[in-house]
Structures are given as C-alpha cells and as structure tokens.
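Take a look at the structure below.
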Amino acid sequence: MSIGHTLLGLLESGPRHGYDLKRAFDEKFGHDRPLHYGQVYSTMSRLLKNGLVEVDGIEPGGGPERKRYAITDAGITDVERWLATPEKPEPYLQSLLYSKVVLALLTQRAAADILDTQRSEHLRGMRILTDRKRQGDFADQLICDHALFHLEADLRWLELTAARLDKLAEAVTA
Amino acid sequence: MTRVSPPGSLLAAQDLRKAYGPTTALDGADFSIHPGEVVAVMGPSGSGKSTLLHCLAGIVTPDSGSITYNGHELATMSDAQRSALRRSEFGFVFQFGQLVPELTCVENVALPLRLNGTSRKEAERAALRWMERLEVDDLRKKRPGEVSGGQGQRVAVARALVTGPRVLFADEPTGALDSLNGERVMGLLTEAARSTNAAVVLVTHEARVAAYSDREVVVRDGRSRDMERAI
C-alpha cells in the first residue's frame, strides 16, 4: 500500500502530529503491521519536500520538537488522483484497495466509484486473458485460467465490498 | 440536462424510469449499443439490470424515458409492431426453460422461422446450419429432456440466432451451467454473434462471462454507469 498517500488522506480531516498520524494509521490500516516511527517521519519529510504537506506549527516539548503537519492543496490533488487511478490488476491487492476505499469514506469521496473503476480495470485484464485463452493452445488456456481465477476472486471481493459500503462507512467513521 | 445517445447506436435508451408499485427498478438509466458490439450489463441482484434488458427489448414499457431502435422510438410503436420487431430483429437467450420439451432440438431451433411462415424444410435446413455452428447438430433428433444443460443452452443460442437478429438479448445465459460449459457457450455465442454483426446485450453477474464482452455497463440502484465512457 502507499503509506504516503494514506498519511496524506488522514491529514485531510485536519492537521496532526506525526505521533497522531501513526496512531490513526495503525488503528485504521495497520492491524497486523503497525507503522514504525521512522517510517512516519521519513515519509513526512518526503511529503514536505514535495510540497504535499506543510508544517502547521511546532510545539516544544521535553524531548524533540513536535511538528504539526497540514496537507496542502497539491497534497489534496495528489490524494484525489491516487484514489481515482485504478491499480494494475495483480494478486493480493486487497490491502491497497481496502485502504483506498476506507480513505474515500473517511474523506467523504465516492467509494463506490473507486470500486467501479477498479472493477473495470480488472475486467479489462480478464478480457485480454480471455482473448489469449481463446486463441492459444491448451497450455495457454491453463495458464490464463490461473490468472483469471485470481482476478475473479478480486472482483468478488470488490462486489462484496460495494454491497457493504454503508456498513463499512459506519465502522470506519465511528 | 439533455442526454444524447452516441452516434451510430443501433439501440439506445435515455433516462429510463420504471417502478413496480413502491419499488423503483430503474431510476434514470441510460444505455447504448452499436452493431457487432457485445455489452455486459452488470450489477448486484435487484439492481435493475434485468428490468433494463426487458425495457430495451420492448417486453416491459418504462414509465418514462426514451428507447430508440435503429432511429425509431419504441414508445410510438403499437403492441403489434413491437411484437413484430421482437420476432424479426431481436433474439433471446435466458437462463432456464426456453426449449419446448415436446419438440426435438432441430424443431426447437427452427420454431422462430416456422412462426414467421418459413416452410418446415427450409426452416430445418437453416436450423441445422446454426446447430453446426453451435456444435450441437448431432442432437437434432433428441428432445430437450435428453440433452445436458450446456447442450440445451447451445441449442437455445442457435434458436435465438436462426432468424438473423440484429440484437441478441442474453439474460444470465450461463447462470445454470458449470464454468467449463458456461465458457463454451459464451465462446460460441459471441463468435456467432460477431460473425453476423449482431449486437449482444449480455446481463450477467459473473466476471468470467462479462470478460467475453467489449465493454460493461454497471447498474446500481436503478442507475447505469457506462464504464468505458466513465474512465
């Protein structure tokens, strides 16, 4: 998944410190793989350098200074573009797609549109494989079938998620 | 906002609305298809995709909206004209129970031609040609109860195509078949339709079936989204 885009999306609801960002990320997305502090700060440095976030304030504390980050207009546009761009169909996309859907819900974007766009991209891949299968020999058919079954499994997940968007919205915004 | 169907459409619908009592089935759906094109209509159960197909085929009259076939508005046609259109220009394949059990397979395939007044000999000759294309000519003397589900469905496809329709409506045509038979039916159906430049409106919830289409339209809560034009 794209940690940078996810952190940017989390900043859309308002400025946060690195620590708050890590906590929000772990709660929403990092169930079995929480972020390391180092990942948060290196990602924020990169986003800052690229003009996607800015420092909203600095609070001195007992330890190092605490920077509060805010998303810039360029950052919002970047998240928007990332959410709208379908992912290349490949196995084990779920965590990335899940992140996109949850972020869309958190930021009041059309999560159903993201799922529809992704479904279309998957179907595009399935059409290519179906054509190849029809023209190929038996070995090609088996190889294409393997890929088709994986894409089909993703698509079933997309369908189920689309059918349960209201419930997911309730869960993530609670 | 005025919605315009894409130029060159054979069959096009704009802003279709249909309710069954308090239940809204279509809520401003659009659709268009060109000759030779295979379009999958996808969406969850109860989303309105079968109602859309029935409206497009002139089986169900929408409460409002426009449907044009070859430039002619369906709403301005009489029932008799719409029936004639369905017999001569449209073909249908459904999920279940399409073949007449008392007739042999070749008689089933020949039936639409017989109803249009074609002689028995000529109708059965044309039926056999289509049965060969669908690889079921060896079943000509069998009755539907004596053939497998996949074979019966290929016989049904042959029957749907025997009149040379310009639009083939297929509502979950592989819904009752296992995946191998389903793919065989889809491969033969789309190949046969493309060879005659027939347009295919394919309602399905199965991605592997939709993968035989050129593009897909998603129906959700009675509204349609053309994914090719949406991206």
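Identifiers in this document derive from the order of the structure tokens: chains are assigned A, B, ..., residues are numbered from 1 separately in each chain, and ligands are numbered from 1 in order of occurrence.
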
Pull out every residue of chain A sitting within 10 Å of chain B, counting only C-alpha atoms, and send them as a PyMOL selection string.
chain A and resi 84-86+112-113+116-117+119-131+134+145+148-149+151-153+155-156+159-160+162-163

Can you pull out the residues contacting Leu139 in chain B? Cut-off 9 Å, using only C-alpha atoms, and skip same-chain residues under 6 positions away; I want them as JSON, numbers by chain.
{"B": [104, 105, 106, 131, 147, 151, 155]}

Put those residues in a file: N, CA and C atoms, as an mmCIF file, in the first residue's frame.
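Final output, result-v4.cif:
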```cif
data_model
loop_
_atom_site.group_PDB
_atom_site.id
_atom_site.type_symbol
_atom_site.label_atom_id
_atom_site.label_comp_id
_atom_site.auth_asym_id
_atom_site.auth_seq_id
_atom_site.Cartn_x
_atom_site.Cartn_y
_atom_site.Cartn_z
ATOM 1 N N THR B 104 -38.325 -31.775 -30.933
ATOM 2 C CA THR B 104 -36.910 -32.174 -30.988
ATOM 3 C C THR B 104 -36.063 -30.895 -31.002
ATOM 4 N N CYS B 105 -34.751 -31.077 -30.835
ATOM 5 C CA CYS B 105 -33.879 -29.897 -30.802
ATOM 6 C C CYS B 105 -33.930 -29.130 -32.119
ATOM 7 N N VAL B 106 -33.918 -29.854 -33.242
ATOM 8 C CA VAL B 106 -33.931 -29.135 -34.522
ATOM 9 C C VAL B 106 -35.278 -28.420 -34.708
ATOM 10 N N MET B 131 -27.089 -25.071 -35.793
ATOM 11 C CA MET B 131 -26.724 -26.107 -34.818
ATOM 12 C C MET B 131 -25.288 -26.587 -35.046
ATOM 13 N N VAL B 147 -30.895 -33.980 -23.335
ATOM 14 C CA VAL B 147 -29.568 -33.358 -23.529
ATOM 15 C C VAL B 147 -29.136 -32.675 -22.230
ATOM 16 N N GLN B 151 -25.562 -28.380 -23.427
ATOM 17 C CA GLN B 151 -26.018 -28.643 -24.801
ATOM 18 C C GLN B 151 -27.336 -27.914 -25.051
ATOM 19 N N VAL B 155 -28.300 -25.121 -27.883
ATOM 20 C CA VAL B 155 -29.464 -25.240 -28.778
ATOM 21 C C VAL B 155 -30.288 -23.941 -28.690
#
```

Need the shell around range 64-75 of chain A: protein/DNA/RNA residues with any atom at most 7 Å away, counting only C-alpha atoms. Skip same-chain ones fewer than 5 positions apart. Format as an mmCIF file with C-alpha atoms, in the first residue's frame?
```cif
data_model
loop_
_atom_site.group_PDB
_atom_site.id
_atom_site.type_symbol
_atom_site.label_atom_id
_atom_site.label_comp_id
_atom_site.auth_asym_id
_atom_site.auth_seq_id
_atom_site.Cartn_x
_atom_site.Cartn_y
_atom_site.Cartn_z
ATOM 1 C CA LEU A 8 -1.928 12.410 3.259
ATOM 2 C CA LEU A 11 -4.367 14.690 7.104
ATOM 3 C CA GLU A 12 -7.381 15.813 5.097
ATOM 4 C CA GLY A 14 -7.155 18.348 9.853
ATOM 5 C CA PRO A 15 -3.522 18.943 10.868
ATOM 6 C CA ARG A 16 -1.876 16.271 13.032
ATOM 7 C CA HIS A 17 1.404 15.493 14.702
ATOM 8 C CA GLY A 51 5.155 20.362 -1.208
ATOM 9 C CA LEU A 52 2.318 17.962 -0.424
ATOM 10 C CA VAL A 53 2.281 18.882 3.277
ATOM 11 C CA GLU A 54 3.450 21.895 5.236
ATOM 12 C CA VAL A 55 4.394 22.460 8.837
ATOM 13 C CA ASP A 56 1.385 23.951 10.546
ATOM 14 C CA GLY A 57 3.090 24.572 13.880
ATOM 15 C CA ILE A 58 5.921 23.430 16.105
ATOM 16 C CA GLU A 59 5.451 22.646 19.759
#
```

Please identify all polymer residues within 8 Å of Glu37 in chain B, counting only C-alpha atoms, omitting same-chain residues fewer than 6 positions from it, and present them as a PyMOL selection string.
chain B and resi 194+197-200+213-214

Could you go through range 16-226 of chain B and tell me which residues DSSP, when run on the backbone, assigns to alpha helix (DSSP H), listing them as a PyMOL selection string?
chain B and resi 49-56+79-88+105-115+120-133+149-161+179-195+207-210

Write a file of the selected residues as a short mmCIF file (atom, residue, chain, number, x, y, z; two decimals), in the first residue's frame, keeping C-alpha atoms.
```
data_model
loop_
_atom_site.label_atom_id
_atom_site.label_comp_id
_atom_site.auth_asym_id
_atom_site.auth_seq_id
_atom_site.Cartn_x
_atom_site.Cartn_y
_atom_site.Cartn_z
CA LYS B 49 -30.29 -4.95 -14.80
CA SER B 50 -32.98 -7.43 -15.93
CA THR B 51 -35.60 -4.66 -15.97
CA LEU B 52 -33.25 -2.64 -18.18
CA LEU B 53 -32.94 -5.60 -20.58
CA HIS B 54 -36.72 -6.12 -20.63
CA CYS B 55 -37.29 -2.42 -21.39
CA LEU B 56 -34.67 -2.40 -24.15
CA ASP B 79 -48.01 -3.61 -29.50
CA ALA B 80 -48.20 -5.49 -32.79
CA GLN B 81 -45.27 -3.52 -34.21
CA ARG B 82 -43.20 -4.18 -31.10
CA SER B 83 -44.04 -7.90 -31.26
CA ALA B 84 -43.01 -7.97 -34.91
CA LEU B 85 -39.76 -6.22 -34.01
CA ARG B 86 -39.04 -8.80 -31.31
CA ARG B 87 -39.74 -11.68 -33.72
CA SER B 88 -37.73 -10.39 -36.64
CA CYS B 105 -33.88 -29.90 -30.80
CA VAL B 106 -33.93 -29.14 -34.52
CA GLU B 107 -37.66 -28.35 -34.34
CA ASN B 108 -36.96 -26.03 -31.42
CA VAL B 109 -34.28 -24.17 -33.35
CA ALA B 110 -36.50 -23.98 -36.44
CA LEU B 111 -39.52 -22.75 -34.45
CA PRO B 112 -38.99 -18.94 -34.82
CA LEU B 113 -38.70 -19.36 -38.60
CA ARG B 114 -41.81 -21.55 -38.72
CA LEU B 115 -43.72 -18.88 -36.75
CA ARG B 120 -40.63 -26.67 -42.48
CA LYS B 121 -37.93 -27.96 -44.84
CA GLU B 122 -36.29 -24.59 -45.27
CA ALA B 123 -36.57 -23.74 -41.57
CA GLU B 124 -34.96 -27.00 -40.50
CA ARG B 125 -32.18 -26.60 -43.03
CA ALA B 126 -31.34 -23.17 -41.60
CA ALA B 127 -31.70 -24.58 -38.06
CA LEU B 128 -29.17 -27.30 -38.81
CA ARG B 129 -26.66 -24.76 -40.11
CA TRP B 130 -26.87 -22.90 -36.82
CA MET B 131 -26.72 -26.11 -34.82
CA GLU B 132 -23.48 -26.99 -36.61
CA ARG B 133 -22.01 -23.61 -35.66
CA GLY B 149 -27.71 -28.24 -19.58
CA GLY B 150 -24.77 -26.95 -21.62
CA GLN B 151 -26.02 -28.64 -24.80
CA GLY B 152 -29.55 -27.33 -24.22
CA GLN B 153 -28.20 -23.82 -23.82
CA ARG B 154 -26.27 -24.06 -27.08
CA VAL B 155 -29.46 -25.24 -28.78
CA ALA B 156 -31.20 -22.18 -27.27
CA VAL B 157 -28.47 -19.91 -28.66
CA ALA B 158 -28.88 -21.48 -32.09
CA ARG B 159 -32.62 -20.82 -31.86
CA ALA B 160 -32.04 -17.21 -30.84
CA LEU B 161 -29.76 -16.63 -33.83
CA SER B 179 -17.73 -22.97 -15.60
CA LEU B 180 -16.43 -25.14 -18.48
CA ASN B 181 -19.85 -25.38 -20.16
CA GLY B 182 -20.51 -21.72 -19.44
CA GLU B 183 -17.31 -20.70 -21.20
CA ARG B 184 -18.06 -22.92 -24.16
CA VAL B 185 -21.50 -21.36 -24.53
CA MET B 186 -20.05 -17.84 -24.24
CA GLY B 187 -17.25 -18.52 -26.72
CA LEU B 188 -19.66 -19.90 -29.33
CA LEU B 189 -22.35 -17.27 -28.64
CA THR B 190 -20.06 -14.28 -29.02
CA GLU B 191 -18.27 -15.77 -32.04
CA ALA B 192 -21.57 -16.45 -33.79
CA ALA B 193 -22.96 -13.00 -32.96
CA ARG B 194 -19.79 -11.24 -34.13
CA SER B 195 -19.75 -13.17 -37.38
CA ALA B 207 -16.99 -11.62 -14.27
CA ARG B 208 -15.73 -14.53 -16.38
CA VAL B 209 -18.82 -14.24 -18.55
CA ALA B 210 -18.53 -10.45 -18.74
#
```

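Closest to Gly30 in chain A among A:Ala174, A:Cys144, A:Leu7, A:Leu105 is A:Leu7, based on only C-alpha atoms.
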
If you measure from CA of Pro6 in chain B to CA of Pro35 in chain B, what distance in Å do you get, rounded to one decimal?
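Straight-line distance from CA of Pro6 in chain B to CA of Pro35 in chain B works out to 12.4 Å.
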
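The two atoms in question, CA of Glu27 in chain A and CA of Leu10 in chain A, are spaced 11.5 Å apart.
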
Quick check, in Å to one decimal: how far apart do CA of Leu142 in chain A and CA of Gln118 in chain A lie?
24.8 Å

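Restricting the calculation to only C-alpha atoms, the smallest distance between Val102 in chain A and any of A:Arg132, A:Leu83, A:Ser42, A:Lys22 is found for A:Leu83.
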